[in-house]
file protein.cif (mmCIF, C-alpha atoms)
data_final
#
loop_
_atom_site.label_atom_id
_atom_site.label_comp_id
_atom_site.auth_asym_id
_atom_site.auth_seq_id
_atom_site.Cartn_x
_atom_site.Cartn_y
_atom_site.Cartn_z
CA MET A 1 -5.70 -52.91 2.24
CA SER A 2 -5.47 -52.13 5.94
CA ASN A 3 -7.32 -49.17 7.41
CA ARG A 4 -3.98 -47.61 8.42
CA ARG A 5 -2.66 -47.95 4.85
CA ARG A 6 -5.87 -46.49 3.42
CA PHE A 7 -5.73 -43.53 5.83
CA THR A 8 -2.07 -42.88 4.92
CA LEU A 9 -2.89 -42.77 1.18
CA ILE A 10 -5.88 -40.48 1.72
CA ALA A 11 -3.82 -38.13 3.88
CA ALA A 12 -1.01 -38.06 1.32
CA ALA A 13 -3.48 -37.27 -1.48
CA ALA A 14 -5.04 -34.47 0.57
CA LEU A 15 -1.62 -32.94 1.26
CA ALA A 16 -0.70 -33.15 -2.41
CA LEU A 17 -3.92 -31.40 -3.44
CA ALA A 18 -3.36 -28.70 -0.82
CA GLY A 19 0.16 -28.12 -2.11
CA CYS A 20 -1.12 -27.81 -5.69
CA ARG A 21 -3.95 -25.41 -4.79
CA GLN A 22 -3.98 -22.60 -7.30
CA ALA A 23 -3.68 -18.99 -6.21
CA GLU A 24 -6.90 -17.00 -6.21
CA VAL A 25 -7.49 -15.26 -9.55
CA VAL A 26 -8.14 -11.52 -9.12
CA ARG A 27 -8.79 -8.68 -11.55
CA PRO A 28 -7.75 -5.30 -10.09
CA ALA A 29 -8.51 -2.09 -11.94
CA LEU A 30 -6.36 -1.06 -14.92
CA TRP A 31 -6.69 2.16 -16.95
CA GLN A 32 -5.13 3.31 -20.19
CA VAL A 33 -4.17 6.98 -20.47
CA ASP A 34 -3.99 8.66 -23.89
CA GLY A 35 -2.81 12.19 -24.61
CA PRO A 36 -3.58 14.51 -27.54
CA HIS A 37 -0.22 13.84 -29.21
CA GLY A 38 -0.06 10.08 -28.92
CA GLU A 39 1.13 9.99 -25.30
CA ARG A 40 0.25 6.78 -23.48
CA ALA A 41 0.46 5.37 -19.98
CA TRP A 42 -1.28 2.74 -17.89
CA LEU A 43 -2.52 3.04 -14.32
CA PHE A 44 -2.74 -0.11 -12.21
CA GLY A 45 -4.09 -0.20 -8.67
CA THR A 46 -2.01 -2.34 -6.33
CA ILE A 47 -2.23 -3.55 -2.77
CA HIS A 48 0.91 -3.53 -0.65
CA ALA A 49 0.33 -6.70 1.41
CA LEU A 50 -1.94 -9.76 1.34
CA PRO A 51 -2.42 -12.85 3.50
CA ASP A 52 -1.81 -15.17 0.53
CA PRO A 53 -0.39 -14.88 -2.99
CA VAL A 54 -2.94 -14.17 -5.73
CA ASP A 55 -2.93 -14.52 -9.50
CA TRP A 56 -3.21 -10.88 -10.60
CA ARG A 57 -1.83 -11.24 -14.12
CA SER A 58 -4.09 -11.02 -17.16
CA ALA A 59 -3.74 -10.61 -20.91
CA ARG A 60 -4.47 -6.89 -20.60
CA ILE A 61 -1.84 -6.37 -17.92
CA GLU A 62 0.69 -8.39 -19.93
CA ALA A 63 0.01 -6.26 -23.01
CA ALA A 64 0.33 -3.04 -21.02
CA LEU A 65 3.63 -4.11 -19.46
CA LYS A 66 4.97 -5.02 -22.89
CA GLY A 67 3.87 -1.68 -24.30
CA ALA A 68 5.39 0.33 -21.47
CA ASP A 69 8.99 1.52 -21.39
CA ARG A 70 9.20 1.57 -17.58
CA LEU A 71 7.46 0.53 -14.37
CA LEU A 72 6.70 3.53 -12.13
CA VAL A 73 5.97 2.74 -8.47
CA GLU A 74 5.73 4.66 -5.21
CA VAL A 75 8.91 3.22 -3.72
CA ALA A 76 11.43 1.05 -5.56
CA ASP A 77 14.26 1.14 -3.02
CA GLY A 78 12.44 -0.21 0.04
CA ASN A 79 12.78 -3.98 -0.45
CA ASP A 80 16.04 -4.27 1.49
CA PRO A 81 14.98 -4.81 5.14
CA ALA A 82 18.33 -3.67 6.55
CA LYS A 83 18.28 -0.44 4.54
CA ALA A 84 14.65 0.22 5.42
CA ALA A 85 15.34 -0.32 9.13
CA ALA A 86 18.34 2.01 9.03
CA VAL A 87 16.37 4.81 7.35
CA PHE A 88 13.44 4.33 9.72
CA LYS A 89 15.72 4.47 12.76
CA ARG A 90 17.57 7.57 11.55
CA LEU A 91 14.40 9.52 10.80
CA GLY A 92 12.12 8.06 13.43
CA THR A 93 14.13 8.27 16.66
CA SER A 94 15.23 11.22 18.75
CA PRO A 95 16.75 11.51 22.24
CA GLY A 96 14.87 12.99 25.16
CA LEU A 97 11.33 12.31 23.98
CA PRO A 98 8.64 11.94 26.65
CA PRO A 99 7.00 8.50 27.07
CA LEU A 100 4.71 7.71 24.19
CA ARG A 101 1.68 7.28 26.44
CA THR A 102 1.97 10.90 27.58
CA ARG A 103 1.80 12.05 23.96
CA ILE A 104 -1.69 10.60 23.60
CA ALA A 105 -4.87 12.35 24.67
CA PRO A 106 -6.06 10.97 28.04
CA ALA A 107 -9.29 9.70 26.46
CA ALA A 108 -7.29 7.46 24.09
CA ARG A 109 -4.92 5.96 26.65
CA VAL A 110 -7.10 3.02 27.69
CA ALA A 111 -7.46 1.98 24.03
CA PHE A 112 -3.69 2.45 23.60
CA ASP A 113 -2.95 0.18 26.58
CA ARG A 114 -5.34 -2.44 25.21
CA LEU A 115 -3.76 -2.26 21.76
CA LEU A 116 -0.26 -2.78 23.18
CA ALA A 117 -1.48 -5.77 25.19
CA GLU A 118 -3.19 -7.31 22.15
CA GLN A 119 -0.01 -6.92 20.09
CA SER A 120 2.20 -8.25 22.91
CA ALA A 121 4.09 -4.94 22.80
CA LEU A 122 5.64 -3.12 25.74
CA PRO A 123 5.38 0.65 26.20
CA ASP A 124 9.13 1.05 26.65
CA GLN A 125 9.83 -0.36 23.19
CA PHE A 126 8.72 3.04 21.90
CA ASP A 127 11.15 4.99 24.09
CA GLY A 128 12.94 7.51 21.90
CA VAL A 129 10.59 6.81 18.97
CA GLU A 130 8.99 9.83 17.34
CA THR A 131 5.22 9.92 17.36
CA TRP A 132 4.76 9.36 13.63
CA ALA A 133 7.17 6.41 13.68
CA ALA A 134 5.31 4.86 16.62
CA ALA A 135 2.07 5.21 14.65
CA LEU A 136 3.53 3.43 11.63
CA GLY A 137 5.13 0.80 13.85
CA LEU A 138 1.84 0.04 15.61
CA ASN A 139 0.06 -0.10 12.26
CA GLN A 140 2.64 -2.59 11.02
CA LEU A 141 2.06 -4.75 14.11
CA LEU A 142 -1.67 -4.68 13.35
CA MET A 143 -1.12 -5.76 9.76
CA ALA A 144 1.12 -8.62 10.88
CA LYS A 145 -1.50 -9.70 13.41
CA ILE A 146 -4.09 -10.09 10.66
CA GLN A 147 -1.51 -11.99 8.59
CA ASN A 148 -0.88 -9.42 5.90
CA ASP A 149 2.53 -10.02 4.35
CA ALA A 150 4.37 -7.56 2.10
CA LYS A 151 5.92 -10.56 0.33
CA ASN A 152 2.51 -11.13 -1.22
CA GLY A 153 2.16 -7.47 -2.19
CA ILE A 154 1.64 -6.64 -5.85
CA ASP A 155 4.19 -3.80 -5.90
CA ARG A 156 6.95 -6.23 -4.98
CA ALA A 157 5.73 -8.83 -7.49
CA LEU A 158 5.75 -6.28 -10.29
CA GLN A 159 9.27 -5.13 -9.46
CA GLY A 160 10.44 -8.72 -9.88
CA ASP A 161 8.57 -9.22 -13.13
CA PRO A 162 10.78 -9.80 -16.20
CA LEU A 163 8.54 -7.50 -18.26
CA ALA A 164 9.43 -4.57 -15.96
CA ARG A 165 12.56 -3.69 -17.94
CA ARG A 166 13.17 -0.38 -16.18
CA ILE A 167 11.94 0.62 -12.73
CA ASP A 168 11.39 4.20 -11.60
CA GLN A 169 9.80 5.62 -8.46
CA PHE A 170 7.62 8.58 -7.55
CA GLU A 171 9.11 9.07 -4.09
CA GLY A 172 11.55 6.51 -2.74
CA LEU A 173 11.77 5.18 0.81
CA GLU A 174 13.47 8.12 2.53
CA PRO A 175 11.40 10.90 0.91
CA GLN A 176 8.24 8.96 1.71
CA LEU A 177 9.13 8.58 5.39
CA ALA A 178 10.28 12.20 5.45
CA LEU A 179 6.68 13.22 4.70
CA PHE A 180 5.73 11.84 8.09
CA ASP A 181 8.86 13.16 9.79
CA ARG A 182 8.01 16.71 8.70
CA LEU A 183 4.53 16.59 10.19
CA PRO A 184 3.95 19.01 13.07
CA GLU A 185 3.77 17.17 16.39
CA ALA A 186 0.03 17.84 16.62
CA ASP A 187 -0.53 16.05 13.31
CA GLN A 188 1.77 13.22 14.37
CA ARG A 189 -0.35 12.73 17.46
CA ALA A 190 -3.50 12.79 15.37
CA LEU A 191 -1.92 10.11 13.19
CA LEU A 192 -1.11 7.94 16.21
CA GLU A 193 -4.57 8.37 17.70
CA SER A 194 -6.16 7.48 14.35
CA VAL A 195 -4.24 4.18 14.35
CA ILE A 196 -5.39 3.49 17.91
CA ALA A 197 -9.02 4.38 17.14
CA ALA A 198 -9.07 2.25 13.97
CA ALA A 199 -7.41 -0.81 15.52
CA ALA A 200 -10.63 -2.61 16.40
CA ASP A 201 -11.96 -2.25 12.85
CA ALA A 202 -8.61 -2.86 11.13
CA PRO A 203 -9.29 -6.53 10.22
CA ARG A 204 -12.70 -5.70 8.74
CA GLU A 205 -11.56 -2.55 6.91
CA THR A 206 -8.47 -4.31 5.54
CA ALA A 207 -10.57 -7.24 4.33
CA ALA A 208 -13.02 -4.80 2.69
CA LEU A 209 -10.18 -3.04 0.86
CA GLN A 210 -8.73 -6.35 -0.30
CA THR A 211 -12.11 -7.56 -1.55
CA ALA A 212 -12.73 -4.30 -3.43
CA TRP A 213 -9.22 -4.38 -4.90
CA LYS A 214 -9.56 -7.97 -6.08
CA GLY A 215 -12.69 -7.13 -8.04
CA GLY A 216 -11.55 -3.72 -9.26
CA ASP A 217 -14.44 -2.09 -7.37
CA THR A 218 -13.22 1.50 -7.42
CA ALA A 219 -16.43 2.87 -5.87
CA ALA A 220 -15.93 0.66 -2.81
CA ILE A 221 -12.25 1.64 -2.69
CA ALA A 222 -13.14 5.34 -2.86
CA ALA A 223 -15.53 4.86 0.07
CA LEU A 224 -12.57 3.70 2.17
CA ASP A 225 -10.31 6.67 1.50
CA HIS A 226 -11.74 8.56 4.47
CA LYS A 227 -11.04 5.76 6.94
CA GLY A 228 -8.22 5.17 9.42
CA MET A 229 -5.32 7.57 8.95
CA LEU A 230 -7.24 9.33 6.17
CA ALA A 231 -10.21 10.17 8.39
CA ASP A 232 -8.42 13.32 9.57
CA PRO A 233 -8.88 15.99 6.83
CA ASP A 234 -5.40 17.46 7.27
CA LEU A 235 -3.71 14.06 7.11
CA ARG A 236 -5.81 13.04 4.12
CA GLN A 237 -4.79 16.21 2.29
CA LEU A 238 -1.10 15.61 2.98
CA LEU A 239 -0.89 11.83 2.60
CA LEU A 240 -3.31 11.35 -0.30
CA VAL A 241 -4.41 14.46 -2.15
CA ASP A 242 -1.13 16.40 -2.22
CA ARG A 243 0.86 13.31 -3.16
CA ASN A 244 -1.58 12.44 -5.94
CA THR A 245 -1.26 15.98 -7.30
CA ALA A 246 2.54 15.79 -7.25
CA TRP A 247 2.49 12.38 -8.93
CA THR A 248 0.13 13.63 -11.63
CA ALA A 249 2.49 16.51 -12.42
CA ARG A 250 5.45 14.10 -12.55
CA LEU A 251 3.52 11.73 -14.81
CA GLN A 252 2.54 14.56 -17.14
CA ALA A 253 6.18 15.62 -17.42
CA LEU A 254 7.19 12.06 -18.29
CA LEU A 255 4.47 11.81 -20.93
CA ASN A 256 5.52 15.14 -22.42
CA GLY A 257 9.05 13.74 -22.65
CA GLY A 258 7.93 10.68 -24.62
CA ALA A 259 7.85 8.11 -21.80
CA ARG A 260 5.23 5.34 -21.77
CA PRO A 261 5.05 4.31 -18.10
CA PHE A 262 3.12 1.52 -16.45
CA VAL A 263 2.13 3.21 -13.19
CA ALA A 264 1.54 0.84 -10.27
CA VAL A 265 0.52 2.55 -7.02
CA GLY A 266 -1.78 1.75 -4.11
CA ALA A 267 -5.40 1.40 -5.20
CA LEU A 268 -6.54 4.26 -2.94
CA HIS A 269 -4.43 6.65 -5.05
CA LEU A 270 -6.52 5.82 -8.12
CA ALA A 271 -10.01 6.10 -6.67
CA GLY A 272 -12.44 8.98 -6.45
CA PRO A 273 -12.21 12.62 -7.56
CA ASP A 274 -8.73 13.04 -6.04
CA GLY A 275 -7.29 9.93 -7.71
CA LEU A 276 -4.80 9.94 -10.57
CA PRO A 277 -7.38 9.01 -13.26
CA ALA A 278 -9.62 11.93 -12.30
CA GLN A 279 -6.71 14.37 -12.03
CA LEU A 280 -5.36 13.33 -15.44
CA GLU A 281 -8.79 13.74 -17.01
CA ARG A 282 -8.96 17.28 -15.64
CA ARG A 283 -5.64 17.94 -17.39
CA GLY A 284 -7.09 16.90 -20.74
CA TYR A 285 -6.06 13.24 -21.01
CA ARG A 286 -8.46 10.49 -22.04
CA VAL A 287 -8.49 7.86 -19.30
CA THR A 288 -10.19 4.58 -20.20
CA ARG A 289 -10.90 1.71 -17.83
CA VAL A 290 -9.65 -1.42 -19.61
CA GLN A 291 -9.91 -3.96 -16.75
#
call {"tool": "encode", "arguments": {"input": "protein.cif", "output": "C-alpha cells"}}
result
Amino acid sequence: MSNRRRFTLIAAAALALAGCRQAEVVRPALWQVDGPHGERAWLFGTIHALPDPVDWRSARIEAALKGADRLLVEVADGNDPAKAAAVFKRLGTSPGLPPLRTRIAPAARVAFDRLLAEQSALPDQFDGVETWAAALGLNQLLMAKIQNDAKNGIDRALQGDPLARRIDQFEGLEPQLALFDRLPEADQRALLESVIAAAADAPRETAALQTAWKGGDTAAIAALDHKGMLADPDLRQLLLVDRNTAWTARLQALLNGGARPFVAVGALHLAGPDGLPAQLERRGYRVTRVQ
C-alpha cells in the first residue's frame, strides 16, 4: 500500500471517529419536592447555553419527566428569533437617548472602549438603545465570543423532549425583559457597568459555572451567585431573590391545585438560601436531592 493511500485511510478513520464522538455525560442537580398531602414536584437546574451538546439525561430525570404532568420553565415563548428580536427592539429602544458612552461612569469608559474593540462592536450600534438593553446585548456578544450557544442549552432541549407533554412558563419573554425595562436608570447603568467590569473574567466565571453545573455542585454554584450582574445587591435582589420568591409562590399554588410539575430553571435559581429548594423547605415541603 502506498504511503499516500495509507495516509488517506488513516485520515478517513480519524474523521469517522471524530464524527462519532459521544457527547459528554453530565449529572446536574435534581430534587424531588413532597408536600404534606401527597403533592409532588421536581426541581432541575439547567444552563442556558453551552459550547457543545452534552448528555444530561439519566434514569432519574426520565422517571421524573414521566411522573410530571407539565414542564415548567422560565421562558417558553422565546425560541423564535424573529419574535424575540421584535420584543427586544420594542422594549429596548427609545428615541433621543444620549450616546451610550456618556451613560457610563468616566472611570469605566476605558474598559468599555476596550470591550467594544474586543467584540468588534461600534459605539454607534447602540444609538437609541436603552441602557439595560445595551448591557444584555454586550453580555450576549461576550457569550458568543466564548462560544456559548443557546442551541446547546438544556432549557431548549427539554422543551423539545417528547416526555414534556405540556409546557408552562414562570415569566415568558416579554415579562422577563420588562423586569429590566422597569429598572430605574441608575440601576440600568449599574447593570451595564457590571457587564463591563466582569468582561475580563467572563470566560473563567462561565467555565466555572458550567463545571459546577455538570457535576451538580450546588455549593460552587451558590458561590457564583454574587458575581457579575448579581454582584450589585439591588440587582441581585431584583433579578434573583424576588423572582425566586415569586416562582416559589406560583409553584405552591400549582401544587395546591394538584399539579405535578417538572421545574427546569437556571441552576443559580436553585442554589443557596435564596434558591427554590430552600424557600420551599421554609414553606414546609420536604425537598430531597435525588441526583
call {"tool": "residues_around", "arguments": {"input": "protein.cif", "residues": "A:Asp232", "least_positions_apart": "5", "cutoff": "12 Å", "atoms": "only C-alpha atoms", "output": "JSON, numbers by chain"}}
result
{"A": [186, 187, 188, 189, 190, 191, 192, 193, 194, 195, 197, 198, 225, 226, 227, 237, 238, 239, 240]}
call {"tool": "residues_around", "arguments": {"input": "protein.cif", "residues": "A:Ala68", "least_positions_apart": "2", "cutoff": "7 Å", "atoms": "only C-alpha atoms", "output": "PyMOL selection string"}}
result
chain A and resi 64-66+70+260-262
call {"tool": "resolve_selection", "arguments": {"input": "protein.cif", "expression": "the PyMOL selection byres ((chain A and resi 167) around 8)", "output": "mmCIF file with C-alpha atoms, keeping the file's coordinate frame"}}
result
data_model
loop_
_atom_site.group_PDB
_atom_site.id
_atom_site.type_symbol
_atom_site.label_atom_id
_atom_site.label_comp_id
_atom_site.auth_asym_id
_atom_site.auth_seq_id
_atom_site.Cartn_x
_atom_site.Cartn_y
_atom_site.Cartn_z
ATOM 1 C CA ARG A 70 9.200 1.570 -17.580
ATOM 2 C CA LEU A 71 7.460 0.530 -14.370
ATOM 3 C CA LEU A 72 6.700 3.530 -12.130
ATOM 4 C CA VAL A 73 5.970 2.740 -8.470
ATOM 5 C CA ALA A 76 11.430 1.050 -5.560
ATOM 6 C CA GLN A 159 9.270 -5.130 -9.460
ATOM 7 C CA ALA A 164 9.430 -4.570 -15.960
ATOM 8 C CA ARG A 165 12.560 -3.690 -17.940
ATOM 9 C CA ARG A 166 13.170 -0.380 -16.180
ATOM 10 C CA ASP A 168 11.390 4.200 -11.600
ATOM 11 C CA GLN A 169 9.800 5.620 -8.460
#
call {"tool": "residues_around", "arguments": {"input": "protein.cif", "residues": "A:Leu116", "least_positions_apart": "6", "cutoff": "9 Å", "atoms": "all atoms listed in the file", "output": "list in words"}}
result
Leu122, Pro123 and Leu138 of chain A
call {"tool": "resolve_selection", "arguments": {"input": "protein.cif", "expression": "the PyMOL selection byres ((chain A and resi 173) around 7)", "output": "list in words"}}
result
Val75, Asp77, Gly78, Glu171, Gly172, Glu174, Pro175, Gln176 and Leu177 of chain A
call {"tool": "closest_residue", "arguments": {"input": "protein.cif", "among": "A:Ala133, A:Ala199, A:Leu91, A:Leu224", "to": "A:Thr211", "atoms": "only C-alpha atoms"}}
result
A:Leu224
call {"tool": "resolve_selection", "arguments": {"input": "protein.cif", "expression": "the PyMOL selection byres ((chain A and resi 89) around 12)", "output": "list in words"}}
result
Ala82, Lys83, Ala84, Ala85, Ala86, Val87, Phe88, Arg90, Leu91, Gly92, Thr93, Ser94, Pro95, Phe126, Gly128, Val129, Glu130, Ala133, Ala134, Gly137, Glu174, Leu177, Ala178 and Asp181 of chain A
call {"tool": "write_last_selection", "arguments": {"input": "protein.cif", "atoms": "C-alpha atoms", "output": "PDB file, in the frame of the given file"}}
result
ATOM      1  CA  ALA A  82      18.330  -3.670   6.550  1.00  0.00           C
ATOM      2  CA  LYS A  83      18.280  -0.440   4.540  1.00  0.00           C
ATOM      3  CA  ALA A  84      14.650   0.220   5.420  1.00  0.00           C
ATOM      4  CA  ALA A  85      15.340  -0.320   9.130  1.00  0.00           C
ATOM      5  CA  ALA A  86      18.340   2.010   9.030  1.00  0.00           C
ATOM      6  CA  VAL A  87      16.370   4.810   7.350  1.00  0.00           C
ATOM      7  CA  PHE A  88      13.440   4.330   9.720  1.00  0.00           C
ATOM      8  CA  ARG A  90      17.570   7.570  11.550  1.00  0.00           C
ATOM      9  CA  LEU A  91      14.400   9.520  10.800  1.00  0.00           C
ATOM     10  CA  GLY A  92      12.120   8.060  13.430  1.00  0.00           C
ATOM     11  CA  THR A  93      14.130   8.270  16.660  1.00  0.00           C
ATOM     12  CA  SER A  94      15.230  11.220  18.750  1.00  0.00           C
ATOM     13  CA  PRO A  95      16.750  11.510  22.240  1.00  0.00           C
ATOM     14  CA  PHE A 126       8.720   3.040  21.900  1.00  0.00           C
ATOM     15  CA  GLY A 128      12.940   7.510  21.900  1.00  0.00           C
ATOM     16  CA  VAL A 129      10.590   6.810  18.970  1.00  0.00           C
ATOM     17  CA  GLU A 130       8.990   9.830  17.340  1.00  0.00           C
ATOM     18  CA  ALA A 133       7.170   6.410  13.680  1.00  0.00           C
ATOM     19  CA  ALA A 134       5.310   4.860  16.620  1.00  0.00           C
ATOM     20  CA  GLY A 137       5.130   0.800  13.850  1.00  0.00           C
ATOM     21  CA  GLU A 174      13.470   8.120   2.530  1.00  0.00           C
ATOM     22  CA  LEU A 177       9.130   8.580   5.390  1.00  0.00           C
ATOM     23  CA  ALA A 178      10.280  12.200   5.450  1.00  0.00           C
ATOM     24  CA  ASP A 181       8.860  13.160   9.790  1.00  0.00           C
TER      25      ASP A 181
END
call {"tool": "residues_around", "arguments": {"input": "protein.cif", "residues": "A:Ala29", "least_positions_apart": "2", "cutoff": "6 Å", "atoms": "all atoms listed in the file", "output": "list of chain:residue names"}}
result
A:Gly45, A:Gly216, A:Gln291
call {"tool": "atom_distance", "arguments": {"input": "protein.cif", "atom1": "atom CA of A:Leu163", "atom2": "atom CA of A:Val287"}}
result
23.0 Å
call {"tool": "atom_distance", "arguments": {"input": "protein.cif", "atom1": "atom CA of A:Gly160", "atom2": "atom CA of A:Phe44"}}
result
15.9 Å
